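Worksheet: the structure to be examined is printed underneath.
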Amino acid sequence: MKRAGQKVVAGAEAPGTSQTSKKQKTSSYSSRFGESDLCTSMDWSRLPHHVILRVFQFLTLVDRARASSVCRRWNEVFHIPDLWRRFEFELNQPATSYLKSTHPDLIQQIIKRHADHLQYVSFKVDSSTESAEAACDILSQLVNCSIKTLGLISTAKPSFMNVSKAHFASALTVVFVNSKSLSSIKVEDTPLDDPSLKVLVANNSDTLKLLKMSSCPHVSPAGILCVADQCHGLKELALNYYILSDELLLALSSEKHVDLEHLRIDVVSENPGQVQFHTIKKQSWDALVKHSPKVNIVMYFFLYEDEFDAFFREETPVTHLYFGRAVSKAMLGRIGMNCPRLIELVVCANGLQPLDDELIQIAERCKNLTAMGLGECEVTCKGFIEFVKMCGGRLTQLSIMEEVLIPDSDYSLDRLHLEVSKHLGRLWFPDMMPTW
């Protein structure tokens, strides 16, 4: 018992030595992780350049600029070319936007020191003409650039469309002529014109792979045909339907041209009732698919019901269809008959006529359909379940508003989700209309 008692005493801190023991422990920790050593180990200015560079790449532009003023070493890293290959100029007017702009001093510093380093560049502007003109002014100064991708983004219209065509074309010409290796260009909703496209082709025909130029009213079918004829490496193209032609599809199907991966087409009614849409021949579509069998053909429709006459009367190899306005039962019936490659269908609205027969026909003939979305439409629960049963587990996306579904004598809404879930092979519920 005595020894046991001694062991207990030995294991405890003696009253007179507890502070000494704590000091010794503190001293021990201080020698290993002391303040001076900790400060030395956390001296960020001594980190290798590549480590600081990696940290800078995660910082916002504002924080990066602030960090560059910490010390000379960090400022050196701030100007390493790798940090300036990708840059987004943000240009906003206080009167029209709450977003901050890239500081003018920084823009001038980039033009002076890093113009020849820029490779992936985008300009994001608000709705004001002043912001778009400022973007053009910066483009005009990039005479030593070697840009590979260029994007002009308007967060709200009209922006670039209010800039004079001459000013815009002059600014783009500087980039088109001096870059020589442009591979991706997004210039939607701009006053791009045919002469500018000819300059682009003359200097970048061997490198251009992506061109997005929807809502460019000054571009004609001849202008885009020039691109298709000369840029044989073009893999993705986005344009308005009025530019699409049989000649263009045949040019994209030539032996010299690589396989096209994506063709995106906006079909928009600018003047309702005043424009008659042309029809593309089945032979032209067939030539494109024969040359590029895996091409995705995406069409966005913003038309009124009486403007659909020219579409889908013959077999059309469209893969993705989006209807932003109401579309008739007859039109959906033509899609079921003539769009065998359809992968995705989204219908914003239809009316008050049930679409059971049309959906079942689409399920029967569109064997690649994997995604469906229905907004302001009507489908009976029985018809909807039959559609899902025919498509089966290949429907990876199914977005249907609860208001679309009409209960019938066979199925209630409560039973519907169980039946649909069974055929899909996963739990499914209809979408609920937001209450706010």
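Each chain in the structure tokens gets a letter, A, B and so on, in the order shown; residues start at 1 in every chain, and ligands are counted from 1 in the order they appear.
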Just the strand (DSSP E) stuff from range 3-226 of chain A, please, per backbone DSSP, written as a PyMOL selection string. chain A and resi 86-91+120-125+149-154+184-186+210-212
Near range 242-253 of chain A, counting only C-alpha atoms, which residues have an atom at most 10 Å away, once you skip same-chain residues fewer than 6 positions from it, shown as an NGL selection string? :A and (214 or 216-217 or 219-235 or 259-260 or 265-268 or 277-292)
Name all residues at most 9 Å from Leu53 in chain A (count only C-alpha atoms; drop same-chain ones fewer than 3 positions away) and give them as a PyMOL selection string. chain A and resi 48-50+56-57+74+77-78+80+82-83
Once you have the residues from the selection above, write them out as a compact mmCIF listing (two decimals), in the first residue's frame, restricted to N, CA and C atoms.
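Contents of again-v2.txt, freshly written:
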# COMPACT_ATOMS: atom_id res chain seq x y z
N PRO A 48 9.55 29.91 -52.66
CA PRO A 48 9.98 29.87 -54.07
C PRO A 48 8.96 30.57 -54.97
N HIS A 49 9.44 31.07 -56.09
CA HIS A 49 8.58 31.80 -57.02
C HIS A 49 7.37 30.96 -57.45
N HIS A 50 7.61 29.66 -57.75
CA HIS A 50 6.53 28.84 -58.28
C HIS A 50 5.43 28.61 -57.24
N PHE A 56 -0.99 33.01 -56.00
CA PHE A 56 -1.54 34.16 -56.72
C PHE A 56 -2.65 33.72 -57.69
N GLN A 57 -2.52 32.54 -58.26
CA GLN A 57 -3.51 32.08 -59.22
C GLN A 57 -4.88 31.84 -58.59
N TRP A 74 7.27 39.46 -54.08
CA TRP A 74 5.88 39.23 -54.47
C TRP A 74 5.54 40.07 -55.69
N VAL A 77 6.76 38.26 -58.73
CA VAL A 77 5.86 37.17 -59.10
C VAL A 77 4.61 37.73 -59.79
N PHE A 78 4.15 38.88 -59.32
CA PHE A 78 2.96 39.52 -59.89
C PHE A 78 3.12 39.76 -61.39
N ILE A 80 5.11 37.81 -63.45
CA ILE A 80 5.52 36.63 -64.20
C ILE A 80 4.54 36.39 -65.34
N ASP A 82 3.29 33.87 -66.87
CA ASP A 82 2.29 32.82 -66.70
C ASP A 82 1.03 33.33 -66.00
N LEU A 83 1.17 34.38 -65.21
CA LEU A 83 0.04 34.91 -64.46
C LEU A 83 -0.87 35.78 -65.33
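Minimum atom-to-atom distance to Ser140 in chain A, evaluated using only C-alpha atoms, belongs to A:Val175 out of A:Val175, A:His114, A:Ser128, A:Gln361.
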Could you list, as a list of chain:residue names, every residue within 7 Å of Leu321 in chain A, counting only C-alpha atoms and ignoring same-chain residues fewer than 4 positions away?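 Answer for this query is A:Val298, A:Met299, A:Tyr300, A:Glu344, A:Leu345, A:Val346.
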For the structure I just gave you, how does DSSP split range 33-182 of chain A - specifically, which residues are alpha helix (DSSP H)? Reply as a ChimeraX atom specification. /A:33,35-41,49-57,61-67,72-78,104-113,129-140,165-179
Pick out the closest residue to Ala330 in chain A from this set: A:Glu130, A:Glu305, A:Asp414, A:Glu314. Count only C-alpha atoms.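 When distances to Ala330 in chain A are compared using only C-alpha atoms, the smallest one comes from A:Glu305.
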Excluding range 148-160 of chain A and its own-chain neighbours fewer than 6 positions away, which residues fall within 9 Å of it when counting only C-alpha atoms? Please give them as a PyMOL selection string. chain A and resi 118-133+135+168+179-191+207-208
Pick out the closest residue to Lys112 in chain A from this set: A:Ser205, A:Thr173, A:Asn296, A:Gln141. Count only C-alpha atoms.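 The closest residue to Lys112 in chain A is A:Gln141.
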Compile the contact shell of range 401-405 of chain A as a VMD selection string: residues with an atom at most 8 Å away, counting only C-alpha atoms, same-chain residues fewer than 2 positions apart removed. chain A and resid 374 to 381 384 399 407 413 430 to 433
6 Å contact set for range 261-263 of chain A, only C-alpha atoms, chain neighbours under 5 positions out, as a PyMOL selection string: chain A and resi 235-238+295-297
Smallest atom-to-atom distance to Phe312 in chain A: which of A:Arg334, A:Leu197, A:His167, A:Lys422, using only C-alpha atoms?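 Using only C-alpha atoms, the shortest distance to Phe312 in chain A belongs to A:Arg334.
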